[in-house]
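> For reference, this is input22.pdb, and it has PDB, C-alpha atoms.
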```
MODEL        1
ATOM      1  CA  MET A   1     102.785 137.509 216.040
ATOM      2  CA  ALA A   2      99.575 139.228 216.954
ATOM      3  CA  VAL A   3      96.758 138.971 219.470
ATOM      4  CA  LEU A   4      93.639 138.283 217.423
ATOM      5  CA  ASP A   5      90.150 139.580 218.157
ATOM      6  CA  ILE A   6      87.964 137.103 220.047
ATOM      7  CA  LEU A   7      84.460 136.688 218.652
ATOM      8  CA  LYS A   8      81.824 137.092 221.320
ATOM      9  CA  TYR A   9      78.428 135.473 221.515
ATOM     10  CA  PRO A  10      75.742 136.434 220.274
ATOM     11  CA  ASP A  11      77.847 136.499 217.116
ATOM     12  CA  GLU A  12      76.160 133.629 215.259
ATOM     13  CA  VAL A  13      79.330 132.588 213.414
ATOM     14  CA  LEU A  14      80.455 130.929 216.655
ATOM     15  CA  LYS A  15      77.831 128.294 215.791
ATOM     16  CA  GLN A  16      79.584 127.434 212.534
ATOM     17  CA  ILE A  17      81.136 123.969 212.135
ATOM     18  CA  SER A  18      84.876 124.069 211.413
ATOM     19  CA  GLU A  19      86.563 122.220 208.525
ATOM     20  CA  PRO A  20      89.577 119.897 208.790
ATOM     21  CA  VAL A  21      93.053 121.294 208.192
ATOM     22  CA  GLU A  22      94.530 119.956 204.954
ATOM     23  CA  SER A  23      97.861 121.682 204.493
ATOM     24  CA  PHE A  24     100.499 121.914 207.180
ATOM     25  CA  ASP A  25     102.480 124.884 205.901
ATOM     26  CA  ASN A  26     104.071 128.125 207.054
ATOM     27  CA  GLU A  27     100.768 129.952 206.991
ATOM     28  CA  LEU A  28      99.437 127.402 209.499
ATOM     29  CA  LEU A  29     102.485 127.842 211.747
ATOM     30  CA  ALA A  30     102.036 131.620 211.732
ATOM     31  CA  PHE A  31      98.356 131.257 212.579
ATOM     32  CA  LEU A  32      99.127 128.817 215.420
ATOM     33  CA  ALA A  33     101.562 131.336 216.903
ATOM     34  CA  ASP A  34      98.930 134.066 216.788
ATOM     35  CA  LEU A  35      96.282 131.766 218.239
ATOM     36  CA  GLU A  36      98.536 130.769 221.128
ATOM     37  CA  GLU A  37      99.416 134.388 221.840
ATOM     38  CA  THR A  38      95.706 135.262 221.832
ATOM     39  CA  MET A  39      94.980 132.445 224.306
ATOM     40  CA  ARG A  40      97.736 133.616 226.650
ATOM     41  CA  ALA A  41      96.530 137.219 226.436
ATOM     42  CA  GLY A  42      93.089 136.227 227.750
ATOM     43  CA  PRO A  43      92.465 136.447 231.490
ATOM     44  CA  GLY A  44      93.159 132.954 232.816
ATOM     45  CA  GLY A  45      92.761 131.516 229.337
ATOM     46  CA  VAL A  46      93.892 127.883 229.311
ATOM     47  CA  GLY A  47      92.487 127.011 225.922
ATOM     48  CA  ILE A  48      91.330 128.461 222.659
ATOM     49  CA  ALA A  49      89.750 127.239 219.433
ATOM     50  CA  ALA A  50      90.391 128.749 216.015
ATOM     51  CA  ALA A  51      86.658 129.342 215.638
ATOM     52  CA  GLN A  52      86.852 131.857 218.500
ATOM     53  CA  VAL A  53      88.944 134.146 216.291
ATOM     54  CA  GLY A  54      86.754 133.569 213.224
ATOM     55  CA  ASN A  55      89.020 130.962 211.616
ATOM     56  CA  PHE A  56      86.897 127.914 210.928
ATOM     57  CA  ARG A  57      89.554 125.233 210.795
ATOM     58  CA  ARG A  58      89.649 122.310 213.244
ATOM     59  CA  ILE A  59      92.374 123.716 215.469
ATOM     60  CA  ALA A  60      92.504 124.121 219.241
ATOM     61  CA  ILE A  61      95.250 124.860 221.729
ATOM     62  CA  VAL A  62      95.105 123.758 225.373
ATOM     63  CA  ASP A  63      97.740 124.502 227.982
ATOM     64  CA  VAL A  64      96.802 124.039 231.634
ATOM     65  CA  SER A  65     100.410 123.645 232.809
ATOM     66  CA  ALA A  66     100.274 126.919 234.772
ATOM     67  CA  LYS A  67      97.729 125.378 237.166
ATOM     68  CA  PRO A  68      99.405 123.935 240.253
ATOM     69  CA  LYS A  69      99.148 120.270 241.208
ATOM     70  CA  ILE A  70      97.316 118.833 238.220
ATOM     71  CA  LYS A  71      98.210 116.280 235.565
ATOM     72  CA  HIS A  72      98.778 117.783 232.146
ATOM     73  CA  ASN A  73     100.373 117.270 228.729
ATOM     74  CA  GLY A  74     101.976 120.713 228.520
ATOM     75  CA  CYS A  75     101.003 122.872 225.579
ATOM     76  CA  MET A  76      98.867 120.792 223.230
ATOM     77  CA  ILE A  77      98.435 121.948 219.648
ATOM     78  CA  LEU A  78      95.380 119.987 218.543
ATOM     79  CA  ILE A  79      94.751 119.889 214.804
ATOM     80  CA  ASN A  80      91.883 117.787 213.417
ATOM     81  CA  PRO A  81      91.407 116.378 216.938
ATOM     82  CA  GLU A  82      89.208 113.418 217.661
ATOM     83  CA  ILE A  83      88.212 112.148 221.090
ATOM     84  CA  LYS A  84      88.468 108.357 221.089
ATOM     85  CA  THR A  85      87.278 107.395 224.558
ATOM     86  CA  TRP A  86      85.352 109.021 227.388
ATOM     87  CA  ASP A  87      85.366 107.839 231.001
ATOM     88  CA  GLY A  88      83.524 109.088 234.080
ATOM     89  CA  MET A  89      81.471 112.245 234.478
ATOM     90  CA  LYS A  90      82.021 115.325 236.553
ATOM     91  CA  ILE A  91      80.344 118.678 237.031
ATOM     92  CA  GLY A  92      82.666 121.649 236.834
ATOM     93  CA  ARG A  93      82.455 125.375 236.409
ATOM     94  CA  GLU A  94      83.327 126.844 233.037
ATOM     95  CA  GLY A  95      83.621 130.239 231.485
ATOM     96  CA  CYS A  96      84.606 131.264 227.978
ATOM     97  CA  MET A  97      86.452 134.160 226.409
ATOM     98  CA  SER A  98      83.603 134.276 223.888
ATOM     99  CA  VAL A  99      80.982 134.604 226.667
ATOM    100  CA  PRO A 100      82.241 137.290 229.072
ATOM    101  CA  ASP A 101      80.833 137.805 232.578
ATOM    102  CA  TYR A 102      79.257 134.383 232.929
ATOM    103  CA  THR A 103      80.286 131.055 234.368
ATOM    104  CA  GLY A 104      78.133 127.971 234.590
ATOM    105  CA  ASN A 105      78.165 124.309 235.501
ATOM    106  CA  VAL A 106      78.793 121.761 232.776
ATOM    107  CA  ILE A 107      79.094 117.959 232.895
ATOM    108  CA  ARG A 108      82.204 116.619 231.147
ATOM    109  CA  ALA A 109      83.975 113.290 230.946
ATOM    110  CA  GLU A 110      86.599 112.979 233.679
ATOM    111  CA  LYS A 111      89.089 111.146 231.476
ATOM    112  CA  ILE A 112      89.451 111.151 227.718
ATOM    113  CA  THR A 113      91.859 109.824 225.160
ATOM    114  CA  LEU A 114      92.278 111.700 221.922
ATOM    115  CA  GLN A 115      94.164 111.770 218.690
ATOM    116  CA  ALA A 116      95.202 114.960 216.949
ATOM    117  CA  CYS A 117      97.832 116.183 214.523
ATOM    118  CA  ASN A 118     100.537 118.466 215.828
ATOM    119  CA  ALA A 119     101.824 121.543 213.981
ATOM    120  CA  LYS A 120     103.894 119.327 211.653
ATOM    121  CA  GLY A 121     100.940 117.147 210.760
ATOM    122  CA  GLU A 122     102.125 114.163 212.815
ATOM    123  CA  LEU A 123      99.366 112.169 214.483
ATOM    124  CA  CYS A 124      99.726 112.183 218.283
ATOM    125  CA  ASP A 125      97.849 110.383 221.056
ATOM    126  CA  TYR A 126      96.970 112.019 224.354
ATOM    127  CA  GLU A 127      95.439 110.958 227.632
ATOM    128  CA  CYS A 128      93.816 113.768 229.588
ATOM    129  CA  GLU A 129      92.002 113.896 232.896
ATOM    130  CA  GLY A 130      90.296 116.360 235.198
ATOM    131  CA  TYR A 131      90.821 120.016 234.469
ATOM    132  CA  GLU A 132      92.773 119.357 231.281
ATOM    133  CA  ALA A 133      90.164 116.932 229.956
ATOM    134  CA  ARG A 134      87.502 119.573 230.667
ATOM    135  CA  ALA A 135      89.478 122.220 228.764
ATOM    136  CA  VAL A 136      89.960 119.919 225.754
ATOM    137  CA  GLN A 137      86.254 119.040 225.607
ATOM    138  CA  HIS A 138      85.302 122.723 225.901
ATOM    139  CA  GLU A 139      87.620 123.729 223.020
ATOM    140  CA  LEU A 140      86.658 120.816 220.785
ATOM    141  CA  ASP A 141      83.015 121.795 221.203
ATOM    142  CA  HIS A 142      83.857 125.129 219.543
ATOM    143  CA  LEU A 143      84.936 123.212 216.416
ATOM    144  CA  ASP A 144      81.405 121.849 216.170
ATOM    145  CA  GLY A 145      79.757 125.204 216.805
ATOM    146  CA  MET A 146      78.919 124.331 220.417
ATOM    147  CA  LEU A 147      79.325 126.699 223.351
ATOM    148  CA  PHE A 148      79.332 125.704 227.018
ATOM    149  CA  LEU A 149      75.986 127.532 227.111
ATOM    150  CA  ASP A 150      74.607 124.585 225.109
ATOM    151  CA  ARG A 151      75.596 122.189 227.907
ATOM    152  CA  LEU A 152      74.646 124.078 231.084
ATOM    153  CA  VAL A 153      73.116 122.050 233.866
ATOM    154  CA  SER A 154      70.855 123.421 236.569
ATOM    155  CA  ARG A 155      72.602 124.533 239.730
ATOM    156  CA  ARG A 156      69.809 123.199 241.844
ATOM    157  CA  THR A 157      69.191 119.634 240.793
ATOM    158  CA  ASP A 158      72.359 117.949 239.688
ATOM    159  CA  LEU A 159      75.034 118.619 242.242
ATOM    160  CA  PHE A 160      73.618 116.823 245.233
ATOM    161  CA  LYS A 161      72.097 113.932 243.328
ATOM    162  CA  ARG A 162      75.504 113.050 241.941
ATOM    163  CA  LYS A 163      77.026 113.096 245.412
ATOM    164  CA  LYS A 164      74.323 110.855 246.790
ATOM    165  CA  TYR A 165      74.860 108.135 244.233
ATOM    166  CA  LYS A 166      78.649 108.321 244.057
TER     167      LYS A 166
ATOM    168  CA  MET B   1      69.875 156.923 241.310
ATOM    169  CA  SER B   2      69.811 153.806 239.143
ATOM    170  CA  GLU B   3      66.645 153.019 237.231
ATOM    171  CA  TRP B   4      66.600 149.496 238.634
ATOM    172  CA  LYS B   5      63.880 148.240 240.929
ATOM    173  CA  MET B   6      63.702 144.850 242.632
ATOM    174  CA  LEU B   7      60.392 143.076 242.294
ATOM    175  CA  THR B   8      59.711 140.633 245.116
ATOM    176  CA  LEU B   9      56.725 138.423 244.451
ATOM    177  CA  VAL B  10      55.267 135.383 246.152
ATOM    178  CA  GLY B  11      52.106 133.334 245.935
ATOM    179  CA  GLN B  12      50.704 129.810 245.849
ATOM    180  CA  ASP B  13      52.382 128.066 242.931
ATOM    181  CA  LYS B  14      50.305 127.691 239.794
ATOM    182  CA  PRO B  15      51.071 127.706 236.087
ATOM    183  CA  GLY B  16      51.347 131.130 234.440
ATOM    184  CA  ILE B  17      52.838 133.366 237.121
ATOM    185  CA  VAL B  18      56.082 134.059 235.245
ATOM    186  CA  ALA B  19      54.496 134.469 231.820
ATOM    187  CA  LYS B  20      51.743 136.782 233.044
ATOM    188  CA  ILE B  21      53.916 138.974 235.277
ATOM    189  CA  THR B  22      56.696 139.379 232.704
ATOM    190  CA  THR B  23      54.182 140.093 229.941
ATOM    191  CA  ALA B  24      52.556 142.817 232.046
ATOM    192  CA  LEU B  25      55.990 144.340 232.668
ATOM    193  CA  PHE B  26      56.930 144.085 228.991
ATOM    194  CA  ASP B  27      53.663 145.757 227.998
ATOM    195  CA  ALA B  28      54.487 148.547 230.455
ATOM    196  CA  GLY B  29      57.807 149.124 228.688
ATOM    197  CA  ALA B  30      59.985 147.756 231.491
ATOM    198  CA  LYS B  31      63.192 145.814 230.904
ATOM    199  CA  LEU B  32      64.226 142.808 232.956
ATOM    200  CA  GLY B  33      67.626 142.049 234.452
ATOM    201  CA  GLU B  34      68.844 139.136 236.530
ATOM    202  CA  ALA B  35      66.367 137.004 238.409
ATOM    203  CA  SER B  36      66.012 134.166 240.821
ATOM    204  CA  MET B  37      62.713 132.319 240.772
ATOM    205  CA  MET B  38      61.859 129.096 242.527
ATOM    206  CA  ARG B  39      59.219 127.071 244.259
ATOM    207  CA  LEU B  40      59.592 127.080 248.031
ATOM    208  CA  GLY B  41      57.143 125.159 250.185
ATOM    209  CA  GLY B  42      54.422 125.194 247.548
ATOM    210  CA  ASN B  43      54.812 128.904 246.905
ATOM    211  CA  PHE B  44      56.338 130.352 243.799
ATOM    212  CA  THR B  45      58.837 133.097 244.579
ATOM    213  CA  ILE B  46      60.358 135.728 242.328
ATOM    214  CA  MET B  47      63.208 138.140 242.867
ATOM    215  CA  LEU B  48      63.507 140.063 239.621
ATOM    216  CA  MET B  49      65.500 143.107 238.549
ATOM    217  CA  VAL B  50      63.244 145.478 236.610
ATOM    218  CA  LYS B  51      64.502 148.559 234.784
ATOM    219  CA  SER B  52      62.045 151.313 234.146
ATOM    220  CA  ASP B  53      61.778 155.080 234.372
ATOM    221  CA  GLN B  54      58.292 154.635 235.813
ATOM    222  CA  SER B  55      57.615 155.167 239.480
ATOM    223  CA  ILE B  56      57.030 152.309 241.877
ATOM    224  CA  ASP B  57      53.337 153.223 241.978
ATOM    225  CA  GLN B  58      53.120 153.004 238.197
ATOM    226  CA  LEU B  59      54.904 149.647 238.154
ATOM    227  CA  ASP B  60      52.603 148.323 240.882
ATOM    228  CA  GLN B  61      49.688 149.451 238.737
ATOM    229  CA  SER B  62      51.058 147.699 235.655
ATOM    230  CA  ILE B  63      51.035 144.252 237.309
ATOM    231  CA  ASP B  64      48.070 144.875 239.616
ATOM    232  CA  SER B  65      45.477 142.963 237.617
ATOM    233  CA  VAL B  66      47.713 139.870 237.373
ATOM    234  CA  VAL B  67      48.656 140.073 241.053
ATOM    235  CA  LYS B  68      44.997 140.241 242.089
ATOM    236  CA  ALA B  69      43.760 137.591 239.662
ATOM    237  CA  MET B  70      46.459 135.120 240.774
ATOM    238  CA  SER B  71      46.330 136.023 244.494
ATOM    239  CA  LEU B  72      49.970 137.072 244.664
ATOM    240  CA  THR B  73      51.813 139.446 246.960
ATOM    241  CA  SER B  74      54.322 141.759 245.352
ATOM    242  CA  SER B  75      56.426 144.785 246.010
ATOM    243  CA  PHE B  76      58.904 146.878 244.050
ATOM    244  CA  GLN B  77      61.731 148.712 245.703
ATOM    245  CA  ASN B  78      64.346 151.084 244.371
ATOM    246  CA  ILE B  79      67.780 149.492 244.329
ATOM    247  CA  GLU B  80      71.277 150.640 243.519
ATOM    248  CA  ALA B  81      72.226 148.042 240.901
ATOM    249  CA  SER B  82      73.935 147.391 237.623
ATOM    250  CA  LEU B  83      74.502 144.393 235.380
ATOM    251  CA  HIS B  84      77.809 142.700 234.507
ATOM    252  CA  GLN B  85      78.851 142.563 238.157
ATOM    253  CA  HIS B  86      79.198 138.787 238.499
ATOM    254  CA  GLU B  87      81.623 137.573 241.106
ATOM    255  CA  ILE B  88      83.087 134.135 240.470
ATOM    256  CA  PRO B  89      82.755 131.802 243.469
ATOM    257  CA  ASP B  90      85.830 129.804 244.440
ATOM    258  CA  THR B  91      84.299 127.367 246.928
ATOM    259  CA  ARG B  92      81.178 125.221 247.145
ATOM    260  CA  ILE B  93      80.007 124.020 250.524
ATOM    261  CA  THR B  94      77.327 121.412 251.038
ATOM    262  CA  VAL B  95      75.826 120.986 254.477
ATOM    263  CA  TYR B  96      73.343 118.239 255.257
ATOM    264  CA  GLY B  97      72.012 116.317 258.168
ATOM    265  CA  ALA B  98      68.964 115.450 260.232
ATOM    266  CA  ASP B  99      66.907 118.648 260.270
ATOM    267  CA  ARG B 100      66.871 120.615 263.522
ATOM    268  CA  PRO B 101      66.876 124.269 264.535
ATOM    269  CA  GLY B 102      70.196 126.110 264.325
ATOM    270  CA  ILE B 103      71.992 124.367 261.461
ATOM    271  CA  VAL B 104      72.004 127.411 259.175
ATOM    272  CA  SER B 105      72.825 129.864 261.925
ATOM    273  CA  LYS B 106      75.747 127.832 263.182
ATOM    274  CA  ALA B 107      77.126 126.953 259.765
ATOM    275  CA  THR B 108      76.935 130.433 258.295
ATOM    276  CA  THR B 109      78.321 132.090 261.439
ATOM    277  CA  HIS B 110      81.393 129.838 261.349
ATOM    278  CA  LEU B 111      81.766 130.506 257.623
ATOM    279  CA  LEU B 112      81.482 134.251 258.199
ATOM    280  CA  ASP B 113      84.131 134.136 260.904
ATOM    281  CA  ALA B 114      86.420 132.329 258.429
ATOM    282  CA  GLY B 115      86.020 135.163 255.933
ATOM    283  CA  PHE B 116      83.589 133.394 253.643
ATOM    284  CA  ASN B 117      81.307 135.581 251.530
ATOM    285  CA  ILE B 118      78.120 133.801 250.396
ATOM    286  CA  LEU B 119      77.169 134.533 246.782
ATOM    287  CA  ASP B 120      74.462 131.916 246.426
ATOM    288  CA  LEU B 121      72.567 129.693 248.847
ATOM    289  CA  GLU B 122      69.918 127.101 248.124
ATOM    290  CA  SER B 123      68.422 124.818 250.672
ATOM    291  CA  ASP B 124      65.808 122.118 250.874
ATOM    292  CA  VAL B 125      64.085 120.149 253.562
ATOM    293  CA  ALA B 126      63.782 116.595 252.265
ATOM    294  CA  GLY B 127      63.314 113.150 253.763
ATOM    295  CA  SER B 128      59.947 112.467 255.414
ATOM    296  CA  GLU B 129      57.766 114.455 257.794
ATOM    297  CA  ALA B 130      58.804 112.145 260.610
ATOM    298  CA  GLU B 131      62.502 112.268 259.746
ATOM    299  CA  PRO B 132      63.262 115.417 257.796
ATOM    300  CA  ILE B 133      66.729 116.088 256.479
ATOM    301  CA  TYR B 134      68.157 119.510 255.748
ATOM    302  CA  ILE B 135      70.320 120.054 252.677
ATOM    303  CA  MET B 136      72.066 123.317 251.873
ATOM    304  CA  HIS B 137      74.308 124.276 248.976
ATOM    305  CA  ILE B 138      76.388 127.405 249.321
ATOM    306  CA  GLU B 139      78.711 128.978 246.802
ATOM    307  CA  GLY B 140      80.978 131.825 247.728
ATOM    308  CA  ILE B 141      84.390 133.348 248.017
ATOM    309  CA  ALA B 142      86.886 132.302 250.672
ATOM    310  CA  ALA B 143      88.390 135.739 251.265
ATOM    311  CA  HIS B 144      90.743 134.491 254.007
ATOM    312  CA  GLY B 145      91.857 131.410 252.065
ATOM    313  CA  SER B 146      90.920 127.759 252.329
ATOM    314  CA  ASP B 147      92.839 126.926 255.536
ATOM    315  CA  ALA B 148      90.607 129.193 257.622
ATOM    316  CA  LEU B 149      87.600 127.729 255.867
ATOM    317  CA  GLU B 150      88.660 124.135 256.542
ATOM    318  CA  LYS B 151      88.812 124.915 260.262
ATOM    319  CA  ALA B 152      85.314 126.395 260.087
ATOM    320  CA  VAL B 153      84.072 123.294 258.300
ATOM    321  CA  GLU B 154      85.428 121.102 261.114
ATOM    322  CA  GLN B 155      83.566 123.220 263.655
ATOM    323  CA  ILE B 156      80.298 122.903 261.746
ATOM    324  CA  LYS B 157      80.654 119.100 261.652
ATOM    325  CA  THR B 158      79.061 118.263 264.967
ATOM    326  CA  ASN B 159      75.949 116.356 266.012
ATOM    327  CA  GLY B 160      75.758 114.456 262.753
ATOM    328  CA  VAL B 161      75.891 117.429 260.429
ATOM    329  CA  ASN B 162      77.857 116.575 257.296
ATOM    330  CA  VAL B 163      79.841 119.281 255.568
ATOM    331  CA  ASP B 164      81.592 118.956 252.261
ATOM    332  CA  MET B 165      83.824 121.686 250.888
ATOM    333  CA  THR B 166      84.906 121.638 247.240
ATOM    334  CA  PRO B 167      87.021 124.207 245.438
ATOM    335  CA  ILE B 168      85.376 125.614 242.318
ATOM    336  CA  ASP B 169      88.139 125.688 239.773
ATOM    337  CA  VAL B 170      86.686 127.700 236.912
ATOM    338  CA  MET B 171      88.018 126.698 233.511
ATOM    339  CA  ILE B 172      88.054 129.650 231.101
ATOM    340  CA  GLY B 173      88.414 128.412 227.525
TER     341      GLY B 173
ENDMDL
END
```
Go through the file and emit its structure as structure tokens.

Amino acid sequence: MAVLDILKYPDEVLKQISEPVESFDNELLAFLADLEETMRAGPGGVGIAAAQVGNFRRIAIVDVSAKPKIKHNGCMILINPEIKTWDGMKIGREGCMSVPDYTGNVIRAEKITLQACNAKGELCDYECEGYEARAVQHELDHLDGMLFLDRLVSRRTDLFKRKKYK
Amino acid sequence: MSEWKMLTLVGQDKPGIVAKITTALFDAGAKLGEASMMRLGGNFTIMLMVKSDQSIDQLDQSIDSVVKAMSLTSSFQNIEASLHQHEIPDTRITVYGADRPGIVSKATTHLLDAGFNILDLESDVAGSEAEPIYIMHIEGIAAHGSDALEKAVEQIKTNGVNVDMTPIDVMIG
């Protein structure tokens, strides 16, 4: 296993769109192990996408189980993931290992359902909410060449308006 | 001594202030750092980090024609500063209520006593002239933990002032 180098913006390859995984083999398992180790090596890293290490396959790992008092699915290996439903909206603060020294507010769906293959290629269904749903949406964006910088909302306007109309 | 200066600039809001000031600074070879710019009470205000080996007099000179033409007031001062020093806030506090003197003083004094360090504060007076409301957003770090802060929040909540405290749980992905 190895901790891989994280690509950092403004490296333009982070904007590349990732391709679906086709073969579920030993090479994939080895890469998943490295990717997970890289995620855990990051400060507070609760998710990672393959694109962040320059591997443009549709793979993400999310594990928010270390956070106290939240609902989670444990360590999710998400291969060829697809979000099926979105529900609710919430502003939250995000940062990214590929964008050091910056955090910003992003609107994400509060609850999502998704389908993804696991490491063996079996299709799995997940329901995620809150912090975990945010992490999944952040990582899946990487697979489409999107960074949270592409979704920033103004600090000044949005927060209070949402409260008022809740 | 760092090469950073802080430019403070204010004037009646009109289109072109940012473009003209930053172009004058660029033409003078200065580099820009972090900034906060916003419209407050019909004025446009700028707080802008400027990096330059020129003196304050020279920098004043470089924006002088824009400042005069647009009727602005500006001043540079030497600051000890560097980039990549962001602190991540852990708590957001919203205070709002019927506007009256003392809201900010009382709220921020209680927050200070609870060990709260303000990183960012924005406030607006909204509503109508007859019935103004005051709205303040604060982000900061609860150095003494959230229990102390919750007590402070209860103390601020008097005379119809609403206070809402939300943890900022930063997701790093």
> Would you kindly translate the ChimeraX specification (/B :<6) & /A into the concrete residues it picks from this file, as a JSON list (two decimals) with C-alpha atoms, in the coordinates of the input?

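Output file part-v4.json follows:
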```json
[["chain", "number", "residue", "atom", "x", "y", "z"],
["A", 45, "GLY", "CA", 92.76, 131.52, 229.34],
["A", 46, "VAL", "CA", 93.89, 127.88, 229.31],
["A", 47, "GLY", "CA", 92.49, 127.01, 225.92],
["A", 48, "ILE", "CA", 91.33, 128.46, 222.66],
["A", 93, "ARG", "CA", 82.46, 125.38, 236.41],
["A", 94, "GLU", "CA", 83.33, 126.84, 233.04],
["A", 95, "GLY", "CA", 83.62, 130.24, 231.48],
["A", 96, "CYS", "CA", 84.61, 131.26, 227.98]]
```
> Rank nothing, just name the residue among A:Met1, A:Ile83, A:Val21, A:Leu140 nearest to A:Asn118, using all atoms listed in the file.
A:Val21
> Written as an MDAnalysis selection string, what is the full residue list that the PyMOL selection byres ((chain A and resi 131) around 8) yields on the file shown?
(chainID A and resid 64 70 129:130 132:135) or (chainID B and resid 171)
> Name the residues captured by the PyMOL selection byres ((chain A and resi 77) around 9) when it is applied to the shown file; answer as a list of chain:residue names.
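Selected by the PyMOL selection byres ((chain A and resi 77) around 9) in this file: A:Leu32, A:Glu36, A:Ile59, A:Ala60, A:Ile61, A:Val62, A:Asp63, A:Cys75, A:Met76, A:Leu78, A:Ile79, A:Ala116, A:Cys117, A:Asn118, A:Ala119.
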> For the residues selected in the previous step, produce a file with C-alpha atoms as an mmCIF file, keeping the file's coordinate frame.

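That gives us part05.cif:
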```
data_model
loop_
_atom_site.group_PDB
_atom_site.id
_atom_site.type_symbol
_atom_site.label_atom_id
_atom_site.label_comp_id
_atom_site.auth_asym_id
_atom_site.auth_seq_id
_atom_site.Cartn_x
_atom_site.Cartn_y
_atom_site.Cartn_z
ATOM 1 C CA LEU A 32 99.127 128.817 215.420
ATOM 2 C CA GLU A 36 98.536 130.769 221.128
ATOM 3 C CA ILE A 59 92.374 123.716 215.469
ATOM 4 C CA ALA A 60 92.504 124.121 219.241
ATOM 5 C CA ILE A 61 95.250 124.860 221.729
ATOM 6 C CA VAL A 62 95.105 123.758 225.373
ATOM 7 C CA ASP A 63 97.740 124.502 227.982
ATOM 8 C CA CYS A 75 101.003 122.872 225.579
ATOM 9 C CA MET A 76 98.867 120.792 223.230
ATOM 10 C CA LEU A 78 95.380 119.987 218.543
ATOM 11 C CA ILE A 79 94.751 119.889 214.804
ATOM 12 C CA ALA A 116 95.202 114.960 216.949
ATOM 13 C CA CYS A 117 97.832 116.183 214.523
ATOM 14 C CA ASN A 118 100.537 118.466 215.828
ATOM 15 C CA ALA A 119 101.824 121.543 213.981
#
```
> I'd like the interatomic distance between atom CA of A:Leu7 and atom CA of A:Gln52, to a tenth of an Å.
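Value for the atom CA of A:Leu7-atom CA of A:Gln52 distance: 5.4 Å.
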> Would you work out the distance separating atom CA of B:Pro15 from atom CA of B:Ala30, expressed in Å to one decimal?
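Computing it gives 22.4 Å between the two atoms.
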> Neighbours of stretch 19-28 of chain B within 8 Å (all atoms listed in the file; same-chain residues fewer than 6 positions away dropped), as a list of chain:residue names?
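What passes the distance filter is B:Leu59, B:Ser62, B:Ile63, B:Val66, B:Val67.
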> Would you save the residues from that selection as a PDB file, in the coordinates of the input, using C-alpha atoms?

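As written to disk, result28.pdb reads:
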```pdb
ATOM      1  CA  LEU B  59      54.904 149.647 238.154  1.00  0.00           C
ATOM      2  CA  SER B  62      51.058 147.699 235.655  1.00  0.00           C
ATOM      3  CA  ILE B  63      51.035 144.252 237.309  1.00  0.00           C
ATOM      4  CA  VAL B  66      47.713 139.870 237.373  1.00  0.00           C
ATOM      5  CA  VAL B  67      48.656 140.073 241.053  1.00  0.00           C
TER       6      VAL B  67
END
```
> Using only C-alpha atoms, which of A:Leu152, A:Leu143, A:Val53, A:Leu123 sits nearest A:Tyr102?
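Selected residue with least distance to A:Tyr102: A:Leu152.
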